[in-house]
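As provided, structure.cif (mmCIF, C-alpha atoms and all ligand atoms) reads as follows.
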data_target
loop_
_atom_site.label_atom_id
_atom_site.label_comp_id
_atom_site.auth_asym_id
_atom_site.auth_seq_id
_atom_site.Cartn_x
_atom_site.Cartn_y
_atom_site.Cartn_z
CA MET A 1 10.78 8.18 -11.40
CA SER A 2 9.52 10.22 -14.33
CA HIS A 3 7.01 9.29 -17.03
CA PRO A 4 5.87 11.59 -19.81
CA GLU A 5 2.54 12.24 -18.11
CA TYR A 6 3.26 11.91 -14.41
CA THR A 7 5.95 11.85 -11.75
CA VAL A 8 6.30 9.65 -8.68
CA ARG A 9 7.73 11.59 -5.78
CA ARG A 10 7.92 11.66 -2.00
CA ALA A 11 4.74 12.99 -0.37
CA ARG A 12 4.61 16.41 1.28
CA THR A 13 2.39 17.51 4.13
CA SER A 14 0.47 19.62 1.59
CA ASP A 15 -0.55 16.38 -0.21
CA VAL A 16 -2.47 15.02 2.79
CA ALA A 17 -5.77 16.63 1.81
CA ALA A 18 -5.58 15.25 -1.74
CA ILE A 19 -4.53 11.79 -0.50
CA ARG A 20 -7.57 11.72 1.77
CA THR A 21 -9.86 12.81 -1.08
CA LEU A 22 -8.39 10.10 -3.32
CA ILE A 23 -8.90 7.27 -0.85
CA GLU A 24 -12.22 8.46 0.64
CA PRO A 25 -14.44 6.39 -1.73
CA LEU A 26 -12.23 3.32 -1.18
CA VAL A 27 -12.51 3.72 2.59
CA ALA A 28 -16.29 4.08 2.25
CA GLU A 29 -16.36 0.78 0.34
CA ARG A 30 -14.12 -0.77 3.02
CA ILE A 31 -11.42 -1.49 0.44
CA LEU A 32 -8.87 0.59 2.32
CA LEU A 33 -8.53 1.24 6.03
CA GLY A 34 -9.64 4.72 7.09
CA LYS A 35 -7.38 6.74 9.36
CA GLU A 36 -7.56 10.00 11.24
CA ARG A 37 -6.10 13.06 9.54
CA VAL A 38 -3.38 13.28 12.20
CA VAL A 39 -2.23 9.75 11.32
CA PHE A 40 -1.63 10.84 7.72
CA TYR A 41 0.55 13.71 8.89
CA GLU A 42 2.41 11.39 11.24
CA SER A 43 3.07 8.91 8.44
CA VAL A 44 3.71 11.36 5.61
CA GLN A 45 7.32 10.13 5.32
CA GLU A 46 6.03 6.66 4.41
CA PHE A 47 4.13 7.97 1.40
CA ARG A 48 4.97 8.29 -2.26
CA VAL A 49 2.54 10.03 -4.57
CA ALA A 50 2.02 10.18 -8.33
CA GLU A 51 1.45 13.66 -9.71
CA ALA A 52 0.14 14.43 -13.20
CA SER A 53 1.90 17.09 -15.25
CA ASP A 54 -0.86 19.58 -14.34
CA GLY A 55 -0.09 19.09 -10.62
CA THR A 56 -3.08 16.85 -9.84
CA LEU A 57 -2.44 14.04 -7.38
CA ILE A 58 -3.40 10.83 -9.21
CA GLY A 59 -2.05 8.11 -6.93
CA CYS A 60 -0.53 7.33 -3.59
CA GLY A 61 1.00 4.47 -1.66
CA ALA A 62 2.84 3.92 1.61
CA LEU A 63 5.48 1.63 3.02
CA HIS A 64 5.18 0.80 6.70
CA VAL A 65 8.08 -0.97 8.42
CA MET A 66 6.84 -3.74 10.73
CA TRP A 67 10.01 -5.64 11.68
CA GLU A 68 13.70 -5.89 10.87
CA ASP A 69 13.09 -7.67 7.58
CA LEU A 70 9.39 -7.00 7.07
CA GLY A 71 7.29 -4.15 5.75
CA GLU A 72 3.77 -3.56 4.49
CA VAL A 73 2.54 -1.84 1.34
CA ARG A 74 -0.55 0.09 2.38
CA THR A 75 -2.90 2.77 1.12
CA LEU A 76 -1.96 2.10 -2.51
CA ALA A 77 -4.58 3.83 -4.65
CA VAL A 78 -4.90 5.29 -8.13
CA ALA A 79 -7.48 7.84 -9.30
CA PRO A 80 -10.28 6.24 -11.38
CA ALA A 81 -9.36 8.15 -14.57
CA TRP A 82 -5.81 6.75 -14.42
CA LEU A 83 -6.50 3.11 -13.59
CA GLY A 84 -4.81 0.63 -15.90
CA THR A 85 -2.15 3.03 -17.15
CA GLY A 86 0.76 1.79 -15.05
CA VAL A 87 0.56 4.32 -12.20
CA GLY A 88 -0.10 1.59 -9.59
CA ARG A 89 2.87 -0.42 -10.74
CA ALA A 90 5.13 2.66 -10.80
CA LEU A 91 4.14 3.52 -7.21
CA LEU A 92 4.62 -0.08 -6.08
CA GLU A 93 8.05 -0.27 -7.69
CA ARG A 94 9.08 2.89 -5.88
CA LEU A 95 7.83 1.57 -2.53
CA GLU A 96 9.74 -1.66 -3.14
CA ALA A 97 12.90 0.32 -3.89
CA ASP A 98 12.34 2.23 -0.63
CA ALA A 99 11.94 -1.10 1.17
CA ARG A 100 15.22 -2.46 -0.22
CA GLU A 101 16.99 0.76 0.75
CA LEU A 102 15.74 0.29 4.32
CA GLY A 103 17.08 -3.29 4.39
CA LEU A 104 13.74 -5.09 4.19
CA SER A 105 13.53 -8.46 2.46
CA ARG A 106 9.79 -9.22 2.72
CA LEU A 107 6.80 -7.07 1.85
CA PHE A 108 3.29 -7.84 3.04
CA CYS A 109 0.01 -6.62 1.61
CA LEU A 110 -3.59 -7.17 2.62
CA THR A 111 -5.74 -6.66 -0.45
CA PHE A 112 -8.67 -7.45 -2.71
CA GLU A 113 -6.43 -6.71 -5.73
CA VAL A 114 -5.01 -10.23 -5.92
CA SER A 115 -4.31 -10.25 -9.66
CA PHE A 116 -2.50 -6.89 -9.59
CA PHE A 117 -0.22 -8.00 -6.76
CA THR A 118 0.29 -11.47 -8.26
CA ARG A 119 1.45 -9.86 -11.52
CA ASN A 120 3.86 -7.81 -9.45
CA GLY A 121 5.46 -10.83 -7.77
CA TYR A 122 3.35 -11.28 -4.61
CA GLY A 123 2.00 -14.66 -3.55
CA GLU A 124 -0.87 -15.52 -1.24
CA ILE A 125 0.15 -16.65 2.23
CA GLY A 126 -1.58 -18.44 5.07
CA GLU A 127 -0.90 -18.31 8.79
CA GLY A 128 2.38 -18.73 10.62
CA VAL A 129 4.75 -16.58 8.58
CA ILE A 130 6.07 -15.04 11.79
CA ASP A 131 7.83 -17.11 14.41
CA PRO A 132 6.10 -17.15 17.81
CA GLU A 133 8.81 -15.16 19.58
CA ILE A 134 8.57 -12.24 17.14
CA TYR A 135 4.77 -12.52 17.12
CA SER A 136 4.73 -11.96 20.88
CA GLU A 137 6.60 -8.69 20.38
CA MET A 138 4.71 -7.51 17.30
CA VAL A 139 1.40 -8.02 19.08
CA ARG A 140 2.36 -5.09 21.34
CA SER A 141 2.11 -2.65 18.41
CA SER A 142 -0.80 -0.21 18.46
CA ASP A 143 -0.79 -0.03 14.64
CA GLU A 144 -3.97 -1.35 12.97
CA GLY A 145 -2.04 -2.68 9.97
CA VAL A 146 0.21 -4.75 12.20
CA ALA A 147 -2.89 -6.15 13.92
CA GLU A 148 -4.27 -7.03 10.47
CA PHE A 149 -1.01 -8.72 9.51
CA LEU A 150 -1.15 -10.78 12.71
CA ASP A 151 -4.81 -11.50 11.94
CA LEU A 152 -5.94 -10.48 15.43
CA ALA A 153 -9.59 -11.04 16.27
CA ARG A 154 -10.28 -7.33 16.95
CA VAL A 155 -9.54 -6.40 13.31
CA LYS A 156 -11.33 -9.32 11.66
CA PRO A 157 -14.13 -7.05 10.39
CA ASN A 158 -11.48 -5.03 8.47
CA THR A 159 -9.85 -8.04 6.87
CA LEU A 160 -12.93 -9.96 5.77
CA GLY A 161 -12.59 -11.11 2.15
CA ASN A 162 -9.07 -9.70 1.78
CA SER A 163 -6.11 -11.80 0.72
CA ARG A 164 -2.85 -11.86 2.63
CA MET A 165 0.03 -11.55 0.19
CA LEU A 166 3.80 -11.50 0.49
CA LYS A 167 6.73 -10.74 -1.78
CA ARG A 168 10.38 -11.61 -1.21
CA LEU A 169 12.50 -8.72 -2.38
C1 LIG B 1 -4.47 -1.77 -7.17
C2 LIG B 1 -4.40 -0.46 -7.93
C3 LIG B 1 -3.56 0.53 -7.11
C4 LIG B 1 -3.71 -0.70 -9.29
O1 LIG B 1 -3.53 0.54 -9.93
P1 LIG B 1 -3.35 0.70 -11.51
O2 LIG B 1 -2.71 2.02 -11.72
O3 LIG B 1 -4.63 0.46 -12.22
O4 LIG B 1 -2.33 -0.48 -11.85
P2 LIG B 1 -1.52 -0.66 -13.22
O5 LIG B 1 -2.04 0.25 -14.27
O6 LIG B 1 -0.08 -0.58 -12.90
O7 LIG B 1 -1.88 -2.15 -13.57
C5 LIG B 1 -3.21 -2.53 -13.81
C6 LIG B 1 -3.40 -2.97 -15.26
O8 LIG B 1 -3.03 -1.97 -16.21
C7 LIG B 1 -2.13 -2.51 -17.19
N1 LIG B 1 -1.21 -1.47 -17.65
C8 LIG B 1 -0.04 -1.13 -17.07
N2 LIG B 1 0.54 -0.13 -17.76
C9 LIG B 1 -0.31 0.18 -18.76
C10 LIG B 1 -0.28 1.16 -19.80
N3 LIG B 1 0.75 2.00 -19.92
N4 LIG B 1 -1.34 1.21 -20.63
C11 LIG B 1 -2.37 0.36 -20.49
N5 LIG B 1 -2.44 -0.58 -19.54
C12 LIG B 1 -1.43 -0.66 -18.69
C13 LIG B 1 -1.44 -3.58 -16.41
O9 LIG B 1 -0.84 -4.55 -17.26
C14 LIG B 1 -2.61 -4.14 -15.69
O10 LIG B 1 -3.41 -4.82 -16.61
P3 LIG B 1 -3.88 -6.33 -16.45
O11 LIG B 1 -4.83 -6.28 -15.26
O12 LIG B 1 -4.58 -6.63 -17.70
O13 LIG B 1 -2.63 -7.12 -16.22
C15 LIG B 1 -5.79 0.16 -8.20
O14 LIG B 1 -6.61 -0.80 -8.83
C16 LIG B 1 -6.53 0.68 -6.97
O15 LIG B 1 -6.47 1.86 -6.63
N6 LIG B 1 -7.28 -0.22 -6.26
C17 LIG B 1 -8.07 0.13 -5.06
C18 LIG B 1 -7.21 0.24 -3.81
C19 LIG B 1 -6.56 -1.08 -3.39
O16 LIG B 1 -7.21 -2.11 -3.32
N7 LIG B 1 -5.23 -1.05 -3.12
C20 LIG B 1 -4.46 -2.23 -2.76
C21 LIG B 1 -4.40 -2.48 -1.29
S1 LIG B 1 -3.36 -1.32 -0.42
#

Output the structure of this file as structure tokens.
Amino acid sequence: MSHPEYTVRRARTSDVAAIRTLIEPLVAERILLGKERVVFYESVQEFRVAEASDGTLIGCGALHVMWEDLGEVRTLAVAPAWLGTGVGRALLERLEADARELGLSRLFCLTFEVSFFTRNGYGEIGEGVIDPEIYSEMVRSSDEGVAEFLDLARVKPNTLGNSRMLKRL
């Protein structure tokens, strides 16, 4: 996906440092979930990044597969100077295209950015979107995001004030 001023592309391992710098303030404010550096390398294939024409990394976002039909948009962030210029939407559209390619039909997001996601076709959801049989298998995941999706007690401090949102692709 190419725009006159920036490009959205697959992340490389050499982007990890810049991704961490970009999200650091958001992690400090507890807007995004912080992760160890090794986890970023392990999940680099989930990431798309937006790069300005001068090579600066100005945005990132990841798609995490959670079940046969279900994925999560996570770590979506845009650099302050670029907010409100369409970079977030461009990244989200790319992650959604990735999700369709993988055969997913539902995308979850846990966020404070309710109006952004609503404008992009997500709706707020309550409990019980997963049937009990699948829940009992998903609960075995060691992934924090999956625990947040399932709304497990141990991650409640992370999810406080966030909205649970879902889009059908
Ligand atoms: C959510 C987030 C990624 C959105 O990024 P963004 O790049 O600002 O998003 P967009 O620019 O695509 O859309 C935001 C606004 O810009 C507007 N916009 C889009 N393209 C535009 C353009 N070319 N020129 C001017 N405005 C534009 C959109 O219409 C929207 O405006 P609105 O709020 O009045 O409807 C960003 O706010 C962020 O980093 N938030 C913190 C992290 C977070 O909470 N992430 C989500 C959970 S993973």

Checklist entry - How far is it from atom O4 of ligand LIG 1 (chain B) to atom CA of Gly128 of chain A, in Å with one decimal? => result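 Those two atoms sit 29.3 Å apart.
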
Checklist entry - By how many Å are atom CA of Glu51 of chain A and atom CA of Phe116 of chain A apart? => result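 For atom CA of Glu51 of chain A relative to atom CA of Phe116 of chain A, the distance reads 20.9 Å.
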
Item to check | Shell of 8 Å around ligand LIG 1 (chain B) (all atoms listed in the file), written as a ChimeraX atom specification | outcome: /A:23,26,31-32,59,61,73-80,82-90,109-113,115-117,119

Checklist entry - With only C-alpha atoms as the basis for distance, which of A:Ala17, A:Met138, A:Ala52, A:Leu150 is at the shortest distance from Glu68 of chain A? => result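 Closest to Glu68 of chain A of all the choices is A:Met138.
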
Next on the checklist: Please report the interatomic distance between atom CA of Ser142 of chain A and atom CA of Glu93 of chain A in Å with one decimal.
Outcome noted: 27.6 Å

With 4 Å added on each side, what axis-aligned box encloses every listed atom of segment 85-103 of chain A? Give the centre and edge lengths in Å to one decimal, as AutoDock Vina command-line options.
--center_x 7.5 --center_y 0.5 --center_z -6.4 --size_x 27.2 --size_y 15.6 --size_z 29.5

Next on the checklist: Restricting the calculation to only C-alpha atoms: of A:Arg154, A:Phe149, A:Trp67, A:Gly103, which residue gets closest to Glu137 of chain A?
Outcome noted: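 Comparing A:Arg154, A:Phe149, A:Trp67, A:Gly103 against Glu137 of chain A, the winner is A:Trp67.
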
Next on the checklist: Considering all atoms listed in the file, can you say which of A:Leu91, A:Thr21, A:Leu33, A:Ser43 comes closest to His3 of chain A?
Outcome noted: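 Among the listed residues, A:Leu91 lies closest to His3 of chain A.
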
Next on the checklist: List as number ranges by chain the protein and nucleic acid residues near Leu152 of chain A, meaning an atom at most 12 Å away when all atoms listed in the file are counted, but skip any in the same chain fewer than 5 places from it.
Outcome noted: A: 127, 135, 138-147, 157-160

Near-Tyr122 of chain A list (8 Å; only C-alpha atoms; drop same-chain fewer than 6 positions) as a PDB file with C-alpha atoms, in the frame of the given file:
ATOM      1  CA  MET A 165       0.030 -11.550   0.190  1.00  0.00           C
ATOM      2  CA  LEU A 166       3.800 -11.500   0.490  1.00  0.00           C
ATOM      3  CA  LYS A 167       6.730 -10.740  -1.780  1.00  0.00           C
ATOM      4  CA  ARG A 168      10.380 -11.610  -1.210  1.00  0.00           C
TER       5      ARG A 168
END

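With all atoms listed in the file as the basis for measurement, A:Arg12 is the residue among A:Arg30, A:Arg12, A:Lys156, A:Arg164 that approaches Cys60 of chain A most closely.
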
Next on the checklist: So that I can check the surroundings of Glu36 of chain A, please list as a PyMOL selection string every protein, DNA and RNA residue that reaches within 12 Å of it, counting only C-alpha atoms and ignoring chain neighbours fewer than 3 positions away.
Outcome noted: chain A and resi 16-17+20+24+27+33+39-43

Next on the checklist: Which polymer residues, whether protein, DNA or RNA, lie within 7 Å of the coordinate (4.2, 13.7, -7.9) when you count all atoms listed in the file? List them as a list in words, using the chain letters and numbers from the file.
Outcome noted: Tyr6, Thr7, Val8, Arg9, Val49, Ala50, Glu51, Ala52 and Leu57 of chain A

Checklist entry - So which one's closest to Gly123 of chain A, A:Leu70, A:Leu107, A:Ala18, A:Val155? Using all atoms listed in the file, please. => result A:Leu107

Checklist entry - Neighbours of Gln45 of chain A within 10 Å (all atoms listed in the file; same-chain residues fewer than 6 positions away dropped), as a PyMOL selection string? => result chain A and resi 10-13+62-64

Preceding selection exported with C-alpha atoms as a PDB file, in the coordinates of the input:
ATOM      1  CA  ARG A  10       7.920  11.660  -2.000  1.00  0.00           C
ATOM      2  CA  ALA A  11       4.740  12.990  -0.370  1.00  0.00           C
ATOM      3  CA  ARG A  12       4.610  16.410   1.280  1.00  0.00           C
ATOM      4  CA  THR A  13       2.390  17.510   4.130  1.00  0.00           C
ATOM      5  CA  ALA A  62       2.840   3.920   1.610  1.00  0.00           C
ATOM      6  CA  LEU A  63       5.480   1.630   3.020  1.00  0.00           C
ATOM      7  CA  HIS A  64       5.180   0.800   6.700  1.00  0.00           C
TER       8      HIS A  64
END

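Proximity of A:Glu5, A:Asp54, A:Asp151, A:Asp69 to Ser163 of chain A, computed with all atoms listed in the file, is greatest for A:Asp151.
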